[in-house]
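To be precise, the following lines are query-v5.txt, and they hold compact mmCIF, C-alpha atoms and all ligand atoms.
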```
# COMPACT_ATOMS: atom_id res chain seq x y z
CA MET G 1 -23.24 -9.55 -5.73
CA ALA G 2 -20.50 -11.88 -4.58
CA GLN G 3 -22.85 -14.84 -4.62
CA ASP G 4 -23.74 -14.22 -8.28
CA GLY G 5 -21.22 -16.69 -9.54
CA GLN G 6 -17.72 -17.94 -9.48
CA ARG G 7 -16.31 -15.24 -11.70
CA PHE G 8 -14.68 -13.40 -8.84
CA ARG G 9 -13.78 -16.35 -6.66
CA PRO G 10 -10.16 -17.49 -6.23
CA VAL G 11 -9.17 -20.79 -7.77
CA PRO G 12 -9.72 -23.27 -4.90
CA GLY G 13 -6.46 -24.60 -3.49
CA ASP G 14 -7.97 -28.05 -2.94
CA VAL G 15 -8.88 -28.34 -6.64
CA LEU G 16 -5.87 -26.92 -8.44
CA PRO G 17 -2.79 -27.02 -6.17
CA ARG G 18 -1.49 -23.63 -5.03
CA PHE G 19 1.77 -24.07 -6.92
CA ALA G 20 -0.04 -24.72 -10.20
CA GLY G 21 -1.61 -22.43 -12.75
CA ILE G 22 -0.80 -18.86 -13.78
CA ALA G 23 -0.15 -16.72 -10.71
CA THR G 24 -2.65 -13.89 -10.19
CA PHE G 25 -3.12 -11.88 -7.00
CA MET G 26 -4.53 -14.36 -4.45
CA ARG G 27 -5.58 -16.68 -7.28
CA LEU G 28 -8.37 -14.31 -8.25
CA PRO G 29 -9.52 -14.06 -11.84
CA HIS G 30 -7.58 -11.62 -14.01
CA VAL G 31 -10.29 -9.52 -15.63
CA THR G 32 -10.26 -6.95 -18.42
CA ASP G 33 -14.03 -6.32 -18.14
CA TRP G 34 -14.32 -4.48 -14.82
CA THR G 35 -18.11 -4.83 -14.53
CA GLY G 36 -19.09 -5.81 -11.00
CA VAL G 37 -15.60 -5.49 -9.52
CA GLU G 38 -15.59 -3.79 -6.11
CA ILE G 39 -11.94 -4.18 -5.11
CA GLY G 40 -9.29 -4.25 -7.83
CA LEU G 41 -5.87 -5.71 -7.10
CA ILE G 42 -3.40 -3.91 -9.33
CA GLY G 43 0.34 -4.14 -10.00
CA VAL G 44 2.49 -1.10 -10.72
CA PRO G 45 5.82 -2.58 -11.85
CA TRP G 46 7.71 0.68 -11.73
CA ASP G 47 10.67 1.97 -9.67
CA GLY G 48 11.54 5.09 -11.62
CA GLY G 49 11.41 7.19 -8.45
CA THR G 50 14.06 5.16 -6.64
CA THR G 51 17.03 7.17 -5.37
CA ASN G 52 19.20 4.32 -4.10
CA ARG G 53 18.91 0.55 -4.69
CA ALA G 54 16.42 -0.15 -7.47
CA GLY G 55 14.45 -3.34 -8.00
CA ALA G 56 10.88 -2.72 -6.83
CA ARG G 57 9.75 -2.85 -10.47
CA HIS G 58 9.94 -6.63 -10.03
CA GLY G 59 7.66 -6.54 -6.98
CA PRO G 60 4.21 -7.17 -8.49
CA ARG G 61 5.19 -10.34 -10.31
CA GLN G 62 6.80 -11.95 -7.28
CA ILE G 63 4.05 -10.76 -4.94
CA ARG G 64 1.52 -12.40 -7.28
CA ASP G 65 3.48 -15.63 -7.02
CA LEU G 66 3.67 -15.63 -3.21
CA SER G 67 0.08 -14.34 -2.86
CA THR G 68 -1.09 -17.76 -4.00
CA MET G 69 -0.41 -18.76 -0.37
CA MET G 70 -3.42 -16.74 0.83
CA ARG G 71 -6.57 -18.65 1.78
CA ASN G 72 -10.25 -17.72 2.00
CA VAL G 73 -10.75 -16.90 5.69
CA HIS G 74 -8.72 -14.52 7.85
CA HIS G 75 -7.55 -16.59 10.81
CA ALA G 76 -8.11 -13.91 13.48
CA SER G 77 -10.94 -11.67 12.25
CA ARG G 78 -12.78 -14.50 10.42
CA ILE G 79 -13.40 -12.07 7.57
CA ARG G 80 -13.98 -13.82 4.21
CA PRO G 81 -12.71 -11.11 1.87
CA PHE G 82 -13.59 -12.81 -1.41
CA GLU G 83 -17.20 -13.30 -0.30
CA ALA G 84 -17.54 -9.93 1.44
CA ALA G 85 -16.65 -8.12 -1.81
CA ASN G 86 -16.10 -8.85 -5.48
CA CYS G 87 -12.32 -8.86 -5.80
CA ALA G 88 -10.35 -9.33 -9.02
CA ASP G 89 -6.83 -8.96 -10.41
CA LEU G 90 -6.97 -6.05 -12.86
CA GLY G 91 -3.45 -6.69 -14.10
CA ASP G 92 -0.52 -4.27 -14.26
CA VAL G 93 -0.53 -0.59 -15.11
CA GLN G 94 1.37 0.03 -18.32
CA VAL G 95 4.29 2.24 -17.33
CA ASN G 96 7.37 3.61 -19.06
CA PRO G 97 10.56 2.47 -17.29
CA ILE G 98 12.66 5.26 -18.81
CA ASP G 99 10.25 8.20 -18.48
CA LEU G 100 9.26 9.28 -14.97
CA GLU G 101 6.88 12.07 -15.92
CA GLU G 102 5.06 9.96 -18.48
CA SER G 103 4.75 7.12 -15.95
CA LEU G 104 3.18 9.44 -13.38
CA GLU G 105 0.64 10.48 -16.01
CA LEU G 106 -0.06 6.89 -17.05
CA ILE G 107 -0.58 5.76 -13.44
CA GLU G 108 -2.87 8.69 -12.61
CA ALA G 109 -4.95 8.16 -15.77
CA TYR G 110 -5.32 4.46 -14.97
CA TYR G 111 -6.49 5.09 -11.40
CA ARG G 112 -8.90 7.77 -12.58
CA ARG G 113 -10.58 5.05 -14.64
CA VAL G 114 -10.56 2.72 -11.63
CA HIS G 115 -12.09 5.45 -9.44
CA ALA G 116 -14.71 6.34 -12.07
CA ALA G 117 -15.69 2.65 -12.22
CA GLY G 118 -16.39 2.71 -8.48
CA ILE G 119 -13.58 0.22 -7.79
CA LEU G 120 -11.45 0.49 -4.64
CA PRO G 121 -7.82 -0.16 -5.63
CA LEU G 122 -5.31 -2.25 -3.70
CA THR G 123 -1.91 -1.91 -5.29
CA ALA G 124 1.37 -3.82 -5.27
CA GLY G 125 4.40 -1.69 -6.14
CA GLY G 126 6.73 -0.56 -7.28
CA ASP G 127 8.46 2.26 -5.41
CA HIS G 128 6.67 4.70 -3.14
CA LEU G 129 6.41 7.52 -5.67
CA LEU G 130 3.52 5.63 -7.25
CA SER G 131 1.31 6.58 -4.29
CA LEU G 132 1.30 10.19 -5.54
CA PRO G 133 -0.52 9.63 -8.86
CA ILE G 134 -2.90 7.22 -7.07
CA LEU G 135 -3.75 9.86 -4.45
CA ARG G 136 -4.25 12.42 -7.23
CA ALA G 137 -6.80 10.14 -8.87
CA LEU G 138 -8.62 9.05 -5.69
CA ALA G 139 -8.83 12.56 -4.24
CA ALA G 140 -11.02 13.79 -7.08
CA ASP G 141 -13.75 14.49 -4.49
CA GLY G 142 -11.49 16.06 -1.84
CA PRO G 143 -8.29 15.43 0.10
CA LEU G 144 -7.78 12.04 1.73
CA GLY G 145 -6.48 11.05 5.13
CA MET G 146 -3.73 8.43 5.27
CA VAL G 147 -2.36 5.78 7.57
CA HIS G 148 1.25 5.43 6.42
CA PHE G 149 3.59 2.65 7.54
CA ASP G 150 7.21 3.41 6.75
CA ALA G 151 10.69 3.97 8.14
CA HIS G 152 10.71 7.24 6.18
CA THR G 153 8.34 10.20 6.08
CA ASP G 154 8.73 10.59 2.29
CA THR G 155 8.13 14.30 2.72
CA TRP G 156 11.52 15.49 1.52
CA ASP G 157 11.48 18.31 -1.03
CA ARG G 158 14.12 17.83 -3.74
CA TYR G 159 16.87 15.39 -4.69
CA PHE G 160 19.91 15.73 -6.96
CA GLY G 161 19.41 19.39 -7.63
CA ASP G 162 15.87 20.31 -8.49
CA HIS G 163 14.18 16.93 -8.96
CA ARG G 164 10.82 17.09 -7.20
CA TYR G 165 9.56 13.58 -7.94
CA THR G 166 11.29 10.66 -6.19
CA HIS G 167 10.15 7.98 -3.77
CA GLY G 168 11.34 10.29 -0.98
CA THR G 169 8.94 13.12 -1.93
CA PRO G 170 5.43 11.78 -2.75
CA PHE G 171 3.64 12.98 0.38
CA ARG G 172 5.18 16.46 0.29
CA ARG G 173 3.85 16.84 -3.24
CA ALA G 174 0.49 15.32 -2.27
CA ILE G 175 0.05 17.81 0.59
CA GLU G 176 1.18 20.75 -1.58
CA GLU G 177 -1.33 19.72 -4.23
CA GLY G 178 -4.18 19.41 -1.73
CA VAL G 179 -4.86 15.70 -2.37
CA LEU G 180 -3.64 14.61 1.07
CA ASP G 181 -4.87 16.18 4.32
CA PRO G 182 -1.82 16.39 6.61
CA LYS G 183 -4.02 16.77 9.71
CA ARG G 184 -5.60 13.39 8.92
CA THR G 185 -2.25 11.73 8.18
CA VAL G 186 -0.33 9.49 10.56
CA GLN G 187 3.11 8.00 9.83
CA ILE G 188 4.15 4.95 11.85
CA GLY G 189 7.66 3.55 12.32
CA ILE G 190 9.75 6.56 11.33
CA ARG G 191 13.49 6.08 11.94
CA GLY G 192 16.87 5.98 10.27
CA SER G 193 19.64 8.50 9.94
CA LEU G 194 18.71 11.86 8.44
CA TYR G 195 20.21 14.24 5.90
CA GLY G 196 19.80 16.97 8.53
CA GLU G 197 18.28 17.55 11.98
CA ASN G 198 15.25 19.32 10.50
CA ASP G 199 14.21 16.66 7.95
CA HIS G 200 10.88 16.03 9.68
CA GLU G 201 10.08 19.66 10.48
CA TRP G 202 8.14 20.42 7.32
CA GLY G 203 5.72 17.53 7.80
CA LEU G 204 5.26 18.26 11.50
CA ALA G 205 4.56 21.91 10.68
CA GLN G 206 1.80 20.79 8.29
CA GLY G 207 0.21 18.83 11.13
CA ILE G 208 1.21 15.26 10.25
CA ARG G 209 1.17 12.94 13.27
CA VAL G 210 4.61 11.30 13.17
CA ILE G 211 5.01 8.21 15.35
CA THR G 212 8.68 7.35 15.46
CA ILE G 213 9.72 3.78 16.11
CA GLU G 214 10.76 4.87 19.62
CA GLU G 215 7.26 6.19 20.32
CA PHE G 216 5.75 3.07 18.73
CA TYR G 217 7.52 0.87 21.28
CA ASP G 218 6.82 3.28 24.15
CA LEU G 219 3.08 3.33 23.38
CA GLY G 220 2.53 -0.27 22.30
CA VAL G 221 0.48 -1.63 19.42
CA GLU G 222 -3.00 -1.00 20.85
CA ALA G 223 -2.32 2.63 21.72
CA VAL G 224 -0.80 3.22 18.28
CA ILE G 225 -3.92 1.77 16.66
CA ALA G 226 -6.10 4.08 18.76
CA GLU G 227 -3.97 7.06 17.78
CA ALA G 228 -4.07 6.15 14.07
CA ARG G 229 -7.87 5.85 14.23
CA ARG G 230 -8.16 9.18 16.03
CA VAL G 231 -6.02 10.97 13.43
CA ALA G 232 -7.70 9.39 10.38
CA GLY G 233 -11.19 9.98 11.78
CA ASP G 234 -14.36 9.29 9.83
CA GLY G 235 -13.31 10.62 6.42
CA PRO G 236 -12.01 8.75 3.37
CA THR G 237 -8.62 7.29 4.20
CA TYR G 238 -5.82 5.71 2.19
CA VAL G 239 -3.51 3.03 3.63
CA SER G 240 0.07 3.02 2.38
CA PHE G 241 2.40 0.27 3.54
CA ASP G 242 6.10 0.60 2.73
CA VAL G 243 7.73 -2.74 3.62
CA ASP G 244 10.81 -0.91 4.90
CA GLY G 245 8.69 0.12 7.89
CA LEU G 246 9.23 -3.46 9.01
CA ASP G 247 12.50 -4.53 10.53
CA PRO G 248 14.74 -5.79 7.69
CA VAL G 249 14.95 -9.09 9.57
CA TYR G 250 11.39 -9.62 8.30
CA ALA G 251 11.66 -7.78 5.00
CA PRO G 252 15.24 -7.69 3.72
CA GLY G 253 14.17 -7.35 0.10
CA THR G 254 13.79 -3.61 -0.11
CA GLY G 255 15.85 -0.73 -1.43
CA THR G 256 16.27 1.42 1.69
CA PRO G 257 16.30 -0.88 4.74
CA GLU G 258 16.50 0.61 8.25
CA ILE G 259 17.16 -1.62 11.23
CA GLY G 260 15.10 -1.45 14.43
CA GLY G 261 11.60 -1.67 12.95
CA TYR G 262 8.37 -3.36 14.00
CA SER G 263 7.71 -7.03 13.36
CA THR G 264 5.41 -8.57 10.78
CA HIS G 265 3.00 -9.56 13.57
CA GLU G 266 2.92 -6.04 14.99
CA ALA G 267 2.22 -4.70 11.50
CA GLN G 268 -0.57 -7.24 10.99
CA ARG G 269 -2.15 -6.21 14.30
CA MET G 270 -2.02 -2.55 13.26
CA LEU G 271 -3.60 -3.20 9.85
CA ARG G 272 -6.40 -5.26 11.43
CA GLY G 273 -6.92 -2.43 13.88
CA LEU G 274 -7.95 -0.17 10.99
CA ASP G 275 -11.19 -2.13 10.50
CA GLY G 276 -14.07 0.32 10.56
CA LEU G 277 -12.24 3.23 8.95
CA GLU G 278 -13.46 4.52 5.57
CA ILE G 279 -10.61 2.96 3.61
CA VAL G 280 -10.80 3.95 -0.05
CA GLY G 281 -7.65 2.21 -1.22
CA GLY G 282 -4.28 0.93 -0.22
CA ASP G 283 -0.86 -0.07 -1.44
CA VAL G 284 2.12 -2.20 -0.46
CA VAL G 285 5.31 -0.78 -1.92
CA GLU G 286 9.08 -1.17 -2.04
CA VAL G 287 9.24 -4.97 -2.26
CA ALA G 288 12.47 -5.41 -4.25
CA PRO G 289 12.99 -9.08 -5.21
CA PRO G 290 16.63 -8.60 -6.35
CA PHE G 291 17.55 -8.04 -2.67
CA ASP G 292 15.36 -10.91 -1.50
CA PRO G 293 17.09 -14.23 -2.14
CA SER G 294 14.63 -16.22 0.01
CA GLY G 295 11.50 -14.67 -1.50
CA MET G 296 10.16 -13.98 2.01
CA THR G 297 9.72 -10.24 1.49
CA ALA G 298 7.24 -10.91 -1.31
CA LEU G 299 5.32 -13.24 1.02
CA VAL G 300 5.33 -10.48 3.63
CA GLY G 301 4.08 -8.01 1.03
CA ALA G 302 1.35 -10.39 -0.16
CA THR G 303 0.23 -11.03 3.42
CA MET G 304 0.05 -7.32 4.24
CA MET G 305 -2.06 -6.89 1.08
CA TYR G 306 -4.35 -9.62 2.41
CA GLU G 307 -4.65 -7.81 5.75
CA ILE G 308 -5.57 -4.55 4.00
CA LEU G 309 -7.93 -6.41 1.65
CA CYS G 310 -9.81 -7.90 4.61
CA VAL G 311 -10.57 -4.50 6.17
CA MET G 312 -11.49 -3.03 2.77
CA ALA G 313 -13.83 -5.95 2.03
CA ALA G 314 -15.40 -5.72 5.48
CA ARG G 315 -16.23 -2.07 4.78
CA ILE G 316 -17.95 -3.04 1.53
CA ALA G 317 -19.92 -5.79 3.27
CA ARG G 318 -21.05 -3.31 5.95
CA ARG G 319 -22.19 -0.86 3.28
CA ARG G 320 -24.13 -3.59 1.46
CA ALA G 321 -25.83 -4.60 4.69
CA GLY G 322 -26.88 -0.95 4.96
MN MN E 1 8.27 5.03 1.59
MN MN E 2 10.66 3.79 3.34
```
Written form, structure tokens:
Amino acid sequence: MAQDGQRFRPVPGDVLPRFAGIATFMRLPHVTDWTGVEIGLIGVPWDGGTTNRAGARHGPRQIRDLSTMMRNVHHASRIRPFEAANCADLGDVQVNPIDLEESLELIEAYYRRVHAAGILPLTAGGDHLLSLPILRALAADGPLGMVHFDAHTDTWDRYFGDHRYTHGTPFRRAIEEGVLDPKRTVQIGIRGSLYGENDHEWGLAQGIRVITIEEFYDLGVEAVIAEARRVAGDGPTYVSFDVDGLDPVYAPGTGTPEIGGYSTHEAQRMLRGLDGLEIVGGDVVEVAPPFDPSGMTALVGATMMYEILCVMAARIARRRAG
């Protein structure tokens, strides 16, 4: 399929310079006809679930800009994602910045169309609440496992009284609704001060494997990869990457930074280590350009998307090879 033509190929950087042209994700074509697309790169410019410092609504546009730095071949795995699978920029989901409930419905409806079209989505957020409507859409055939990179578990229950939908609650709701299998969910990098001593108890009681940042450094990258693979197993698995899982030295442009996180290189090694899992989609969330004067956090976000894209594309190539 990928060799059928140039429709799904990135604009070559040695023809039109990387700084030129209209920025799309990784210089891929922006398509409105989804025919033949296997991996769709999608922006969700929405931060209506943010409880503290807002700004992730500006993430997709700046990630598109910095994603023009990505090239054709992964330097370590040698995966060629744009040849392994037909990848395209599907554009942004139309959201409502002043209506949370309507936005959740709009996002879910959009990803139901993506799922029905047989497209694997790779999303740039936006705040972490957007993972909930995506999981709802992708779990149409049964609950998903998840490899979740974050400083926070995002399994809190309610905020500001009785509000059940914030970027601190998506995975509690997803487990309650049966779209996320807690026993196939691993959270990596958890840290930061808590509201109370028992903040993590609910998730642990459901069977989530929580790897705190202390355990991450005690085990080391390779052992954490092995543990993530063991927990996710052979079933369909979603990858969710909150940039605040990284140390804010590497990703200062985010709403809820927590010091003492893993490095960009450690995160890249972990994402590469997921190759071979049945990854059905992924997202990179919480890039907030207003807190990112250097623009580096958007480059970090774009590069993590590229890492996830490579393992998703490799899965498609394996399937095609039979
Ligand atoms: Mn999060
Ligand atoms: Mn977080």
Query - Near-ligand residues for ligand MN 1 (chain E), threshold 12 Å, all atoms listed in the file, as a ChimeraX atom specification - result: /G:47,49-51,56,125-132,148-156,166-172,187-191,240-246,254-258,283-287
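Going from CA of Pro60 (chain G) to CA of Gly192 (chain G) covers 26.2 Å.
Going from CA of Pro252 (chain G) over to CA of Leu274 (chain G), you cover 25.4 Å.
Closest approach to ligand MN 2 (chain E) from the set G:Arg53, G:Asp181, G:Gly235, G:Ile208 is made by G:Arg53, with distances taken over only C-alpha atoms and all ligand atoms.
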**Report entry** Thr32 (chain G) environment, 10 Å, all atoms listed in the file, sequence neighbours closer than 4 positions dropped, as an MDAnalysis selection string
**Finding:** chainID G and resid 88:91
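Between CA of Val239 (chain G) and CA of Ser103 (chain G) there is a distance of 21.6 Å.
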